[in-house]
$ cat start-v2.pdb   # PDB, N, CA and C atoms
ATOM      1  N   MET A   1      15.872   3.056   6.767
ATOM      2  CA  MET A   1      16.216   2.491   5.487
ATOM      3  C   MET A   1      17.514   3.121   5.008
ATOM      4  N   SER A   2      18.566   2.376   5.016
ATOM      5  CA  SER A   2      19.833   2.923   4.577
ATOM      6  C   SER A   2      20.211   2.412   3.185
ATOM      7  N   LYS A   3      19.737   1.257   2.807
ATOM      8  CA  LYS A   3      20.047   0.708   1.501
ATOM      9  C   LYS A   3      19.259   1.444   0.432
ATOM     10  N   ARG A   4      19.879   1.701  -0.701
ATOM     11  CA  ARG A   4      19.198   2.320  -1.830
ATOM     12  C   ARG A   4      18.809   1.227  -2.811
ATOM     13  N   TYR A   5      17.527   1.113  -3.087
ATOM     14  CA  TYR A   5      17.032   0.111  -4.023
ATOM     15  C   TYR A   5      16.953   0.723  -5.410
ATOM     16  N   THR A   6      17.473  -0.011  -6.381
ATOM     17  CA  THR A   6      17.488   0.502  -7.754
ATOM     18  C   THR A   6      16.545  -0.265  -8.674
ATOM     19  N   SER A   7      15.905  -1.304  -8.144
ATOM     20  CA  SER A   7      14.903  -2.023  -8.939
ATOM     21  C   SER A   7      13.760  -2.433  -8.026
ATOM     22  N   PHE A   8      12.596  -2.554  -8.620
ATOM     23  CA  PHE A   8      11.425  -2.922  -7.840
ATOM     24  C   PHE A   8      11.600  -4.292  -7.198
ATOM     25  N   TRP A   9      12.121  -5.264  -7.960
ATOM     26  CA  TRP A   9      12.199  -6.635  -7.439
ATOM     27  C   TRP A   9      13.266  -6.781  -6.366
ATOM     28  N   ASP A  10      14.222  -5.873  -6.313
ATOM     29  CA  ASP A  10      15.148  -5.838  -5.171
ATOM     30  C   ASP A  10      14.460  -5.235  -3.953
ATOM     31  N   PHE A  11      13.602  -4.265  -4.194
ATOM     32  CA  PHE A  11      12.887  -3.572  -3.122
ATOM     33  C   PHE A  11      11.787  -4.432  -2.504
ATOM     34  N   TYR A  12      11.106  -5.246  -3.307
ATOM     35  CA  TYR A  12       9.904  -5.954  -2.859
ATOM     36  C   TYR A  12      10.120  -6.845  -1.629
ATOM     37  N   PRO A  13      11.199  -7.616  -1.520
ATOM     38  CA  PRO A  13      11.396  -8.397  -0.281
ATOM     39  C   PRO A  13      11.490  -7.492   0.958
ATOM     40  N   PHE A  14      12.151  -6.348   0.814
ATOM     41  CA  PHE A  14      12.190  -5.403   1.933
ATOM     42  C   PHE A  14      10.781  -4.932   2.271
ATOM     43  N   TYR A  15      10.011  -4.585   1.245
ATOM     44  CA  TYR A  15       8.635  -4.129   1.442
ATOM     45  C   TYR A  15       7.838  -5.175   2.232
ATOM     46  N   LEU A  16       7.932  -6.428   1.823
ATOM     47  CA  LEU A  16       7.201  -7.489   2.524
ATOM     48  C   LEU A  16       7.675  -7.628   3.971
ATOM     49  N   SER A  17       8.955  -7.402   4.206
ATOM     50  CA  SER A  17       9.472  -7.512   5.577
ATOM     51  C   SER A  17       8.892  -6.428   6.484
ATOM     52  N   GLN A  18       8.400  -5.366   5.898
ATOM     53  CA  GLN A  18       7.795  -4.283   6.667
ATOM     54  C   GLN A  18       6.301  -4.492   6.887
ATOM     55  N   HIS A  19       5.791  -5.641   6.427
ATOM     56  CA  HIS A  19       4.360  -5.969   6.521
ATOM     57  C   HIS A  19       4.164  -7.368   7.081
ATOM     58  N   ARG A  20       4.845  -7.670   8.149
ATOM     59  CA  ARG A  20       4.754  -9.013   8.740
ATOM     60  C   ARG A  20       3.484  -9.215   9.549
ATOM     61  N   ASP A  21       3.003  -8.155  10.177
ATOM     62  CA  ASP A  21       1.804  -8.259  11.005
ATOM     63  C   ASP A  21       0.573  -8.386  10.107
ATOM     64  N   PRO A  22      -0.214  -9.457  10.283
ATOM     65  CA  PRO A  22      -1.385  -9.656   9.424
ATOM     66  C   PRO A  22      -2.404  -8.524   9.520
ATOM     67  N   ARG A  23      -2.443  -7.828  10.652
ATOM     68  CA  ARG A  23      -3.379  -6.703  10.779
ATOM     69  C   ARG A  23      -2.945  -5.545   9.890
ATOM     70  N   CYS A  24      -1.657  -5.352   9.772
ATOM     71  CA  CYS A  24      -1.140  -4.308   8.886
ATOM     72  C   CYS A  24      -1.476  -4.649   7.430
ATOM     73  N   ARG A  25      -1.221  -5.889   7.049
ATOM     74  CA  ARG A  25      -1.550  -6.300   5.672
ATOM     75  C   ARG A  25      -3.042  -6.166   5.411
ATOM     76  N   THR A  26      -3.853  -6.551   6.384
ATOM     77  CA  THR A  26      -5.307  -6.435   6.214
ATOM     78  C   THR A  26      -5.707  -4.984   5.987
ATOM     79  N   LEU A  27      -5.116  -4.083   6.735
ATOM     80  CA  LEU A  27      -5.423  -2.667   6.532
ATOM     81  C   LEU A  27      -4.973  -2.197   5.149
ATOM     82  N   HIS A  28      -3.877  -2.720   4.650
ATOM     83  CA  HIS A  28      -3.451  -2.400   3.285
ATOM     84  C   HIS A  28      -4.485  -2.906   2.275
ATOM     85  N   TYR A  29      -4.936  -4.137   2.467
ATOM     86  CA  TYR A  29      -5.918  -4.699   1.537
ATOM     87  C   TYR A  29      -7.223  -3.905   1.574
ATOM     88  N   VAL A  30      -7.672  -3.578   2.770
ATOM     89  CA  VAL A  30      -8.904  -2.792   2.921
ATOM     90  C   VAL A  30      -8.739  -1.434   2.247
ATOM     91  N   GLY A  31      -7.604  -0.792   2.467
ATOM     92  CA  GLY A  31      -7.359   0.511   1.848
ATOM     93  C   GLY A  31      -7.339   0.425   0.336
ATOM     94  N   SER A  32      -6.635  -0.556  -0.206
ATOM     95  CA  SER A  32      -6.539  -0.694  -1.662
ATOM     96  C   SER A  32      -7.887  -1.031  -2.290
ATOM     97  N   LEU A  33      -8.614  -1.958  -1.680
ATOM     98  CA  LEU A  33      -9.929  -2.312  -2.217
ATOM     99  C   LEU A  33     -10.918  -1.155  -2.090
ATOM    100  N   SER A  34     -10.790  -0.364  -1.037
ATOM    101  CA  SER A  34     -11.633   0.824  -0.881
ATOM    102  C   SER A  34     -11.326   1.847  -1.970
ATOM    103  N   VAL A  35     -10.070   1.976  -2.319
ATOM    104  CA  VAL A  35      -9.673   2.883  -3.395
ATOM    105  C   VAL A  35     -10.320   2.461  -4.709
ATOM    106  N   VAL A  36     -10.271   1.165  -5.010
ATOM    107  CA  VAL A  36     -10.879   0.668  -6.245
ATOM    108  C   VAL A  36     -12.382   0.930  -6.238
ATOM    109  N   ALA A  37     -13.037   0.625  -5.121
ATOM    110  CA  ALA A  37     -14.492   0.830  -5.023
ATOM    111  C   ALA A  37     -14.852   2.306  -5.177
ATOM    112  N   LEU A  38     -14.111   3.170  -4.524
ATOM    113  CA  LEU A  38     -14.403   4.597  -4.619
ATOM    114  C   LEU A  38     -14.139   5.129  -6.020
ATOM    115  N   LEU A  39     -13.087   4.669  -6.650
ATOM    116  CA  LEU A  39     -12.779   5.084  -8.016
ATOM    117  C   LEU A  39     -13.912   4.703  -8.970
ATOM    118  N   VAL A  40     -14.371   3.461  -8.860
ATOM    119  CA  VAL A  40     -15.485   3.008  -9.702
ATOM    120  C   VAL A  40     -16.741   3.825  -9.410
ATOM    121  N   MET A  41     -17.028   4.031  -8.135
ATOM    122  CA  MET A  41     -18.222   4.784  -7.750
ATOM    123  C   MET A  41     -18.154   6.223  -8.283
ATOM    124  N   ALA A  42     -17.005   6.855  -8.168
ATOM    125  CA  ALA A  42     -16.857   8.230  -8.647
ATOM    126  C   ALA A  42     -17.083   8.304 -10.156
ATOM    127  N   ILE A  43     -16.565   7.330 -10.882
ATOM    128  CA  ILE A  43     -16.728   7.322 -12.338
ATOM    129  C   ILE A  43     -18.174   7.043 -12.715
ATOM    130  N   VAL A  44     -18.770   6.025 -12.113
ATOM    131  CA  VAL A  44     -20.156   5.652 -12.441
ATOM    132  C   VAL A  44     -21.123   6.787 -12.114
ATOM    133  N   LEU A  45     -20.928   7.413 -10.964
ATOM    134  CA  LEU A  45     -21.832   8.487 -10.544
ATOM    135  C   LEU A  45     -21.461   9.840 -11.139
ATOM    136  N   GLY A  46     -20.288   9.926 -11.730
ATOM    137  CA  GLY A  46     -19.831  11.193 -12.283
ATOM    138  C   GLY A  46     -19.478  12.213 -11.212
ATOM    139  N   ASN A  47     -19.212  11.744 -10.004
ATOM    140  CA  ASN A  47     -18.833  12.618  -8.894
ATOM    141  C   ASN A  47     -17.312  12.624  -8.752
ATOM    142  N   TYR A  48     -16.656  13.323  -9.652
ATOM    143  CA  TYR A  48     -15.197  13.294  -9.690
ATOM    144  C   TYR A  48     -14.548  14.021  -8.516
ATOM    145  N   TRP A  49     -15.312  14.832  -7.822
ATOM    146  CA  TRP A  49     -14.780  15.492  -6.627
ATOM    147  C   TRP A  49     -14.393  14.458  -5.566
ATOM    148  N   MET A  50     -15.009  13.267  -5.631
ATOM    149  CA  MET A  50     -14.718  12.214  -4.659
ATOM    150  C   MET A  50     -13.293  11.667  -4.810
ATOM    151  N   LEU A  51     -12.676  11.925  -5.949
ATOM    152  CA  LEU A  51     -11.345  11.371  -6.206
ATOM    153  C   LEU A  51     -10.300  11.884  -5.225
ATOM    154  N   TRP A  52     -10.515  13.041  -4.651
ATOM    155  CA  TRP A  52      -9.545  13.561  -3.682
ATOM    156  C   TRP A  52      -9.479  12.686  -2.427
ATOM    157  N   LEU A  53     -10.497  11.845  -2.222
ATOM    158  CA  LEU A  53     -10.504  10.939  -1.074
ATOM    159  C   LEU A  53      -9.626   9.696  -1.277
ATOM    160  N   LEU A  54      -9.240   9.430  -2.521
ATOM    161  CA  LEU A  54      -8.478   8.208  -2.815
ATOM    162  C   LEU A  54      -7.199   8.079  -1.971
ATOM    163  N   PRO A  55      -6.335   9.091  -1.940
ATOM    164  CA  PRO A  55      -5.123   8.905  -1.121
ATOM    165  C   PRO A  55      -5.413   8.814   0.368
ATOM    166  N   ILE A  56      -6.466   9.463   0.821
ATOM    167  CA  ILE A  56      -6.814   9.390   2.237
ATOM    168  C   ILE A  56      -7.218   7.970   2.605
ATOM    169  N   LEU A  57      -8.045   7.358   1.758
ATOM    170  CA  LEU A  57      -8.466   5.970   2.021
ATOM    171  C   LEU A  57      -7.291   5.002   1.939
ATOM    172  N   GLY A  58      -6.559   5.087   0.842
ATOM    173  CA  GLY A  58      -5.479   4.123   0.627
ATOM    174  C   GLY A  58      -4.342   4.265   1.613
ATOM    175  N   TYR A  59      -3.790   5.447   1.689
ATOM    176  CA  TYR A  59      -2.648   5.650   2.574
ATOM    177  C   TYR A  59      -3.063   5.711   4.030
ATOM    178  N   GLY A  60      -4.227   6.246   4.312
ATOM    179  CA  GLY A  60      -4.688   6.326   5.699
ATOM    180  C   GLY A  60      -4.759   4.959   6.353
ATOM    181  N   ALA A  61      -5.392   4.021   5.672
ATOM    182  CA  ALA A  61      -5.503   2.662   6.221
ATOM    183  C   ALA A  61      -4.133   2.018   6.372
ATOM    184  N   ALA A  62      -3.307   2.155   5.347
ATOM    185  CA  ALA A  62      -1.981   1.530   5.382
ATOM    186  C   ALA A  62      -1.117   2.123   6.490
ATOM    187  N   TRP A  63      -1.138   3.427   6.628
ATOM    188  CA  TRP A  63      -0.283   4.071   7.624
ATOM    189  C   TRP A  63      -0.737   3.755   9.043
ATOM    190  N   ILE A  64      -2.015   3.575   9.244
ATOM    191  CA  ILE A  64      -2.486   3.129  10.564
ATOM    192  C   ILE A  64      -1.854   1.775  10.884
ATOM    193  N   GLY A  65      -1.839   0.891   9.903
ATOM    194  CA  GLY A  65      -1.222  -0.417  10.097
ATOM    195  C   GLY A  65       0.238  -0.322  10.486
ATOM    196  N   HIS A  66       0.955   0.594   9.848
ATOM    197  CA  HIS A  66       2.377   0.734  10.168
ATOM    198  C   HIS A  66       2.595   1.351  11.538
ATOM    199  N   PHE A  67       1.901   2.422  11.828
ATOM    200  CA  PHE A  67       2.159   3.134  13.079
ATOM    201  C   PHE A  67       1.606   2.401  14.296
ATOM    202  N   VAL A  68       0.480   1.688  14.139
ATOM    203  CA  VAL A  68      -0.153   1.028  15.285
ATOM    204  C   VAL A  68       0.342  -0.403  15.469
ATOM    205  N   PHE A  69       0.432  -1.160  14.391
ATOM    206  CA  PHE A  69       0.739  -2.588  14.516
ATOM    207  C   PHE A  69       2.199  -2.932  14.213
ATOM    208  N   GLU A  70       2.714  -2.446  13.112
ATOM    209  CA  GLU A  70       4.111  -2.758  12.760
ATOM    210  C   GLU A  70       5.096  -1.907  13.558
ATOM    211  N   ARG A  71       4.666  -0.728  13.925
ATOM    212  CA  ARG A  71       5.527   0.236  14.623
ATOM    213  C   ARG A  71       6.795   0.523  13.817
ATOM    214  N   ASN A  72       6.576   0.771  12.525
ATOM    215  CA  ASN A  72       7.689   1.135  11.653
ATOM    216  C   ASN A  72       7.268   2.299  10.753
ATOM    217  N   ARG A  73       8.213   2.814  10.038
ATOM    218  CA  ARG A  73       7.987   3.957   9.150
ATOM    219  C   ARG A  73       7.594   3.422   7.780
ATOM    220  N   PRO A  74       6.459   3.863   7.222
ATOM    221  CA  PRO A  74       6.059   3.379   5.901
ATOM    222  C   PRO A  74       7.137   3.619   4.845
ATOM    223  N   ALA A  75       7.377   2.624   4.030
ATOM    224  CA  ALA A  75       8.379   2.738   2.964
ATOM    225  C   ALA A  75       7.993   3.807   1.948
ATOM    226  N   THR A  76       6.730   4.175   1.919
ATOM    227  CA  THR A  76       6.244   5.213   1.008
ATOM    228  C   THR A  76       7.022   6.514   1.181
ATOM    229  N   PHE A  77       7.469   6.785   2.388
ATOM    230  CA  PHE A  77       8.168   8.041   2.649
ATOM    231  C   PHE A  77       9.490   8.127   1.896
ATOM    232  N   GLU A  78      10.132   6.984   1.676
ATOM    233  CA  GLU A  78      11.423   6.991   0.989
ATOM    234  C   GLU A  78      11.334   6.443  -0.439
ATOM    235  N   TYR A  79      10.406   5.532  -0.663
ATOM    236  CA  TYR A  79      10.256   4.899  -1.974
ATOM    237  C   TYR A  79       8.792   4.982  -2.419
ATOM    238  N   PRO A  80       8.297   6.157  -2.744
ATOM    239  CA  PRO A  80       6.866   6.295  -3.038
ATOM    240  C   PRO A  80       6.400   5.479  -4.247
ATOM    241  N   PHE A  81       7.175   5.472  -5.325
ATOM    242  CA  PHE A  81       6.749   4.745  -6.515
ATOM    243  C   PHE A  81       6.795   3.235  -6.293
ATOM    244  N   TYR A  82       7.918   2.735  -5.792
ATOM    245  CA  TYR A  82       8.031   1.301  -5.529
ATOM    246  C   TYR A  82       6.970   0.839  -4.524
ATOM    247  N   SER A  83       6.717   1.639  -3.512
ATOM    248  CA  SER A  83       5.725   1.264  -2.501
ATOM    249  C   SER A  83       4.319   1.222  -3.086
ATOM    250  N   PHE A  84       4.012   2.179  -3.940
ATOM    251  CA  PHE A  84       2.699   2.198  -4.585
ATOM    252  C   PHE A  84       2.488   0.921  -5.398
ATOM    253  N   ILE A  85       3.483   0.575  -6.200
ATOM    254  CA  ILE A  85       3.397  -0.645  -7.014
ATOM    255  C   ILE A  85       3.347  -1.875  -6.110
ATOM    256  N   ALA A  86       4.155  -1.892  -5.065
ATOM    257  CA  ALA A  86       4.206  -3.043  -4.160
ATOM    258  C   ALA A  86       2.871  -3.280  -3.465
ATOM    259  N   ASP A  87       2.149  -2.209  -3.132
ATOM    260  CA  ASP A  87       0.814  -2.374  -2.539
ATOM    261  C   ASP A  87      -0.080  -3.202  -3.447
ATOM    262  N   TRP A  88      -0.045  -2.896  -4.734
ATOM    263  CA  TRP A  88      -0.915  -3.596  -5.685
ATOM    264  C   TRP A  88      -0.422  -5.012  -5.966
ATOM    265  N   VAL A  89       0.895  -5.205  -5.991
ATOM    266  CA  VAL A  89       1.443  -6.563  -6.169
ATOM    267  C   VAL A  89       1.068  -7.426  -4.961
ATOM    268  N   MET A  90       1.233  -6.875  -3.756
ATOM    269  CA  MET A  90       0.886  -7.629  -2.547
ATOM    270  C   MET A  90      -0.608  -7.979  -2.542
ATOM    271  N   LEU A  91      -1.456  -7.029  -2.931
ATOM    272  CA  LEU A  91      -2.897  -7.296  -2.998
ATOM    273  C   LEU A  91      -3.187  -8.383  -4.031
ATOM    274  N   ALA A  92      -2.585  -8.296  -5.206
ATOM    275  CA  ALA A  92      -2.812  -9.292  -6.251
ATOM    276  C   ALA A  92      -2.362 -10.678  -5.787
ATOM    277  N   GLN A  93      -1.230 -10.753  -5.095
ATOM    278  CA  GLN A  93      -0.760 -12.038  -4.581
ATOM    279  C   GLN A  93      -1.713 -12.593  -3.531
ATOM    280  N   TRP A  94      -2.241 -11.734  -2.714
ATOM    281  CA  TRP A  94      -3.208 -12.167  -1.691
ATOM    282  C   TRP A  94      -4.495 -12.667  -2.355
ATOM    283  N   LEU A  95      -4.992 -11.914  -3.327
ATOM    284  CA  LEU A  95      -6.235 -12.304  -4.013
ATOM    285  C   LEU A  95      -6.096 -13.609  -4.788
ATOM    286  N   THR A  96      -4.897 -13.880  -5.274
ATOM    287  CA  THR A  96      -4.677 -15.107  -6.054
ATOM    288  C   THR A  96      -4.129 -16.246  -5.210
ATOM    289  N   GLY A  97      -3.992 -15.992  -3.889
ATOM    290  CA  GLY A  97      -3.511 -17.038  -2.992
ATOM    291  C   GLY A  97      -2.041 -17.324  -3.075
ATOM    292  N   ARG A  98      -1.279 -16.408  -3.645
ATOM    293  CA  ARG A  98       0.160 -16.612  -3.796
ATOM    294  C   ARG A  98       0.942 -16.118  -2.599
ATOM    295  N   ARG A  99       0.274 -15.478  -1.625
ATOM    296  CA  ARG A  99       1.001 -14.972  -0.462
ATOM    297  C   ARG A  99       0.143 -15.119   0.755
TER     298      ARG A  99
END
$ encode --input "start-v2.pdb" --output "structure tokens"
Amino acid sequence: MSKRYTSFWDFYPFYLSQHRDPRCRTLHYVGSLSVVALLVMAIVLGNYWMLWLLPILGYGAAWIGHFVFERNRPATFEYPFYSFIADWVMLAQWLTGRR
């Protein structure tokens, strides 16, 4: 990544270009939905120690997709905030049938 992105909406097309393989996107969706489920479970059960698993679930699944299927470097390494937001935008678009 040599270009410097200064806005999320400039970054997002690049982000999507790094997620062309449907298996990679599926792993992102599984990771994000697992994060939501674990967050709810931790709150409902009052087991807040479980929260340390959130980044392992979310990023672990996504990074497997990048290293195994896309064979690229996750954008999170250079654009952590934009990538975090983009994960949720991509999931929302998938859930609403917009992507």
$ atom_distance --input "start-v2.pdb" --atom1 "atom CA of A:Arg20" --atom2 "atom N of A:Val40"
28.8 Å
$ atom_distance --input "start-v2.pdb" --atom1 "atom CA of A:Arg71" --atom2 "atom C of A:Phe8"
23.1 Å
$ resolve_selection --input "start-v2.pdb" --expression "the PyMOL selection byres (((chain A and resi 23-25 and name CA) around 9) and name CA)" --output "PyMOL selection string"
chain A and resi 19-22+26-30+61-66+68-70+90-91
$ resolve_selection --input "start-v2.pdb" --expression "the PyMOL selection byres (((chain A and resi 76 and name CA) around 12) and name CA)" --output "PyMOL selection string"
chain A and resi 1+11+15+18+58-60+62-63+66+72-75+77-87
$ select_by_dssp --input "start-v2.pdb" --residues "chain A" --states "alpha helix (DSSP H)" --output "PyMOL selection string"
chain A and resi 8-17+22-45+54-64+80-95
$ atom_distance --input "start-v2.pdb" --atom1 "atom N of A:Trp94" --atom2 "atom N of A:Leu38"
19.1 Å
$ axis_aligned_box --input "start-v2.pdb" --around "stretch 68-74 of chain A" --padding-each-side "4 Å" --output "AutoDock Vina command-line options"
--center_x 4.0 --center_y 0.5 --center_z 10.2 --size_x 16.4 --size_y 14.9 --size_z 18.6
$ residues_around --input "start-v2.pdb" --residues "A:Leu51" --least-positions-apart "6" --cutoff "8 Å" --atoms "all atoms listed in the file" --output "PyMOL selection string"
chain A and resi 38-39+42-43
$ closest_residue --input "start-v2.pdb" --among "A:Gly46, A:Ser32, A:Phe14, A:Leu54" --to "A:Trp88" --atoms "only C-alpha atoms"
A:Ser32
$ closest_residue --input "start-v2.pdb" --among "A:Ser17, A:Arg99, A:Tyr12, A:Pro55" --to "A:Val35" --atoms "only N, CA and C atoms"
A:Pro55
$ decode --input "start-v2.pdb" --residues "stretch 9-19 of chain A" --atoms "all heavy atoms" --output "mmCIF file, in the first residue's frame"
data_model
loop_
_atom_site.group_PDB
_atom_site.id
_atom_site.type_symbol
_atom_site.label_atom_id
_atom_site.label_comp_id
_atom_site.auth_asym_id
_atom_site.auth_seq_id
_atom_site.Cartn_x
_atom_site.Cartn_y
_atom_site.Cartn_z
ATOM 1 N N TRP A 9 -14.146 7.098 2.688
ATOM 2 C CA TRP A 9 -14.798 6.747 1.419
ATOM 3 C C TRP A 9 -13.807 6.667 0.269
ATOM 4 O O TRP A 9 -14.081 6.011 -0.738
ATOM 5 C CB TRP A 9 -15.960 7.687 1.126
ATOM 6 C CG TRP A 9 -17.032 7.452 2.142
ATOM 7 C CD1 TRP A 9 -17.425 8.311 3.129
ATOM 8 C CD2 TRP A 9 -17.798 6.256 2.330
ATOM 9 N NE1 TRP A 9 -18.392 7.710 3.904
ATOM 10 C CE2 TRP A 9 -18.651 6.458 3.442
ATOM 11 C CE3 TRP A 9 -17.860 5.019 1.674
ATOM 12 C CZ2 TRP A 9 -19.538 5.489 3.897
ATOM 13 C CZ3 TRP A 9 -18.752 4.049 2.138
ATOM 14 C CH2 TRP A 9 -19.576 4.292 3.231
ATOM 15 N N ASP A 10 -12.648 7.283 0.403
ATOM 16 C CA ASP A 10 -11.572 7.060 -0.575
ATOM 17 C C ASP A 10 -10.919 5.704 -0.340
ATOM 18 O O ASP A 10 -10.491 5.041 -1.280
ATOM 19 C CB ASP A 10 -10.497 8.154 -0.468
ATOM 20 C CG ASP A 10 -10.958 9.476 -1.031
ATOM 21 O OD1 ASP A 10 -11.905 9.494 -1.850
ATOM 22 O OD2 ASP A 10 -10.375 10.505 -0.653
ATOM 23 N N PHE A 11 -10.820 5.319 0.915
ATOM 24 C CA PHE A 11 -10.190 4.054 1.296
ATOM 25 C C PHE A 11 -11.062 2.846 0.963
ATOM 26 O O PHE A 11 -10.549 1.799 0.564
ATOM 27 C CB PHE A 11 -9.908 4.073 2.806
ATOM 28 C CG PHE A 11 -9.535 2.740 3.384
ATOM 29 C CD1 PHE A 11 -8.258 2.226 3.228
ATOM 30 C CD2 PHE A 11 -10.467 1.993 4.090
ATOM 31 C CE1 PHE A 11 -7.905 0.993 3.766
ATOM 32 C CE2 PHE A 11 -10.127 0.757 4.630
ATOM 33 C CZ PHE A 11 -8.843 0.263 4.465
ATOM 34 N N TYR A 12 -12.380 2.972 1.096
ATOM 35 C CA TYR A 12 -13.284 1.823 1.005
ATOM 36 C C TYR A 12 -13.182 1.045 -0.313
ATOM 37 O O TYR A 12 -13.168 -0.187 -0.286
ATOM 38 C CB TYR A 12 -14.715 2.248 1.302
ATOM 39 C CG TYR A 12 -15.645 1.083 1.524
ATOM 40 C CD1 TYR A 12 -15.407 0.160 2.540
ATOM 41 C CD2 TYR A 12 -16.763 0.893 0.722
ATOM 42 C CE1 TYR A 12 -16.253 -0.917 2.749
ATOM 43 C CE2 TYR A 12 -17.613 -0.176 0.928
ATOM 44 C CZ TYR A 12 -17.355 -1.077 1.933
ATOM 45 O OH TYR A 12 -18.185 -2.153 2.148
ATOM 46 N N PRO A 13 -13.092 1.679 -1.480
ATOM 47 C CA PRO A 13 -12.919 0.883 -2.714
ATOM 48 C C PRO A 13 -11.634 0.042 -2.676
ATOM 49 O O PRO A 13 -11.631 -1.104 -3.143
ATOM 50 C CB PRO A 13 -12.870 1.923 -3.824
ATOM 51 C CG PRO A 13 -13.602 3.093 -3.274
ATOM 52 C CD PRO A 13 -13.293 3.101 -1.798
ATOM 53 N N PHE A 14 -10.564 0.608 -2.129
ATOM 54 C CA PHE A 14 -9.339 -0.181 -1.979
ATOM 55 C C PHE A 14 -9.590 -1.373 -1.062
ATOM 56 O O PHE A 14 -9.184 -2.496 -1.358
ATOM 57 C CB PHE A 14 -8.200 0.680 -1.420
ATOM 58 C CG PHE A 14 -7.053 -0.149 -0.923
ATOM 59 C CD1 PHE A 14 -6.193 -0.765 -1.816
ATOM 60 C CD2 PHE A 14 -6.857 -0.339 0.438
ATOM 61 C CE1 PHE A 14 -5.149 -1.556 -1.356
ATOM 62 C CE2 PHE A 14 -5.826 -1.133 0.906
ATOM 63 C CZ PHE A 14 -4.971 -1.747 0.009
ATOM 64 N N TYR A 15 -10.262 -1.126 0.058
ATOM 65 C CA TYR A 15 -10.575 -2.190 1.011
ATOM 66 C C TYR A 15 -11.332 -3.325 0.308
ATOM 67 O O TYR A 15 -10.995 -4.493 0.460
ATOM 68 C CB TYR A 15 -11.395 -1.616 2.157
ATOM 69 C CG TYR A 15 -11.842 -2.638 3.154
ATOM 70 C CD1 TYR A 15 -11.020 -3.010 4.207
ATOM 71 C CD2 TYR A 15 -13.090 -3.249 3.048
ATOM 72 C CE1 TYR A 15 -11.421 -3.965 5.131
ATOM 73 C CE2 TYR A 15 -13.497 -4.201 3.955
ATOM 74 C CZ TYR A 15 -12.669 -4.549 4.997
ATOM 75 O OH TYR A 15 -13.076 -5.497 5.895
ATOM 76 N N LEU A 16 -12.350 -2.976 -0.458
ATOM 77 C CA LEU A 16 -13.126 -4.000 -1.166
ATOM 78 C C LEU A 16 -12.260 -4.755 -2.175
ATOM 79 O O LEU A 16 -12.447 -5.964 -2.368
ATOM 80 C CB LEU A 16 -14.331 -3.374 -1.866
ATOM 81 C CG LEU A 16 -15.423 -2.824 -0.950
ATOM 82 C CD1 LEU A 16 -16.520 -2.167 -1.787
ATOM 83 C CD2 LEU A 16 -16.004 -3.917 -0.067
ATOM 84 N N SER A 17 -11.312 -4.065 -2.783
ATOM 85 C CA SER A 17 -10.441 -4.735 -3.759
ATOM 86 C C SER A 17 -9.551 -5.781 -3.091
ATOM 87 O O SER A 17 -9.049 -6.677 -3.770
ATOM 88 C CB SER A 17 -9.577 -3.713 -4.502
ATOM 89 O OG SER A 17 -8.485 -3.263 -3.700
ATOM 90 N N GLN A 18 -9.363 -5.664 -1.801
ATOM 91 C CA GLN A 18 -8.555 -6.625 -1.057
ATOM 92 C C GLN A 18 -9.380 -7.795 -0.534
ATOM 93 O O GLN A 18 -8.875 -8.657 0.190
ATOM 94 C CB GLN A 18 -7.860 -5.919 0.119
ATOM 95 C CG GLN A 18 -6.957 -4.790 -0.311
ATOM 96 C CD GLN A 18 -5.845 -5.280 -1.225
ATOM 97 O OE1 GLN A 18 -4.998 -6.057 -0.804
ATOM 98 N NE2 GLN A 18 -5.857 -4.843 -2.479
ATOM 99 N N HIS A 19 -10.671 -7.812 -0.888
ATOM 100 C CA HIS A 19 -11.607 -8.848 -0.424
ATOM 101 C C HIS A 19 -12.404 -9.414 -1.589
ATOM 102 O O HIS A 19 -13.613 -9.566 -1.519
ATOM 103 C CB HIS A 19 -12.556 -8.250 0.622
ATOM 104 C CG HIS A 19 -11.851 -7.744 1.827
ATOM 105 N ND1 HIS A 19 -11.287 -6.495 1.876
ATOM 106 C CD2 HIS A 19 -11.609 -8.334 3.021
ATOM 107 C CE1 HIS A 19 -10.721 -6.329 3.059
ATOM 108 N NE2 HIS A 19 -10.894 -7.426 3.774
#
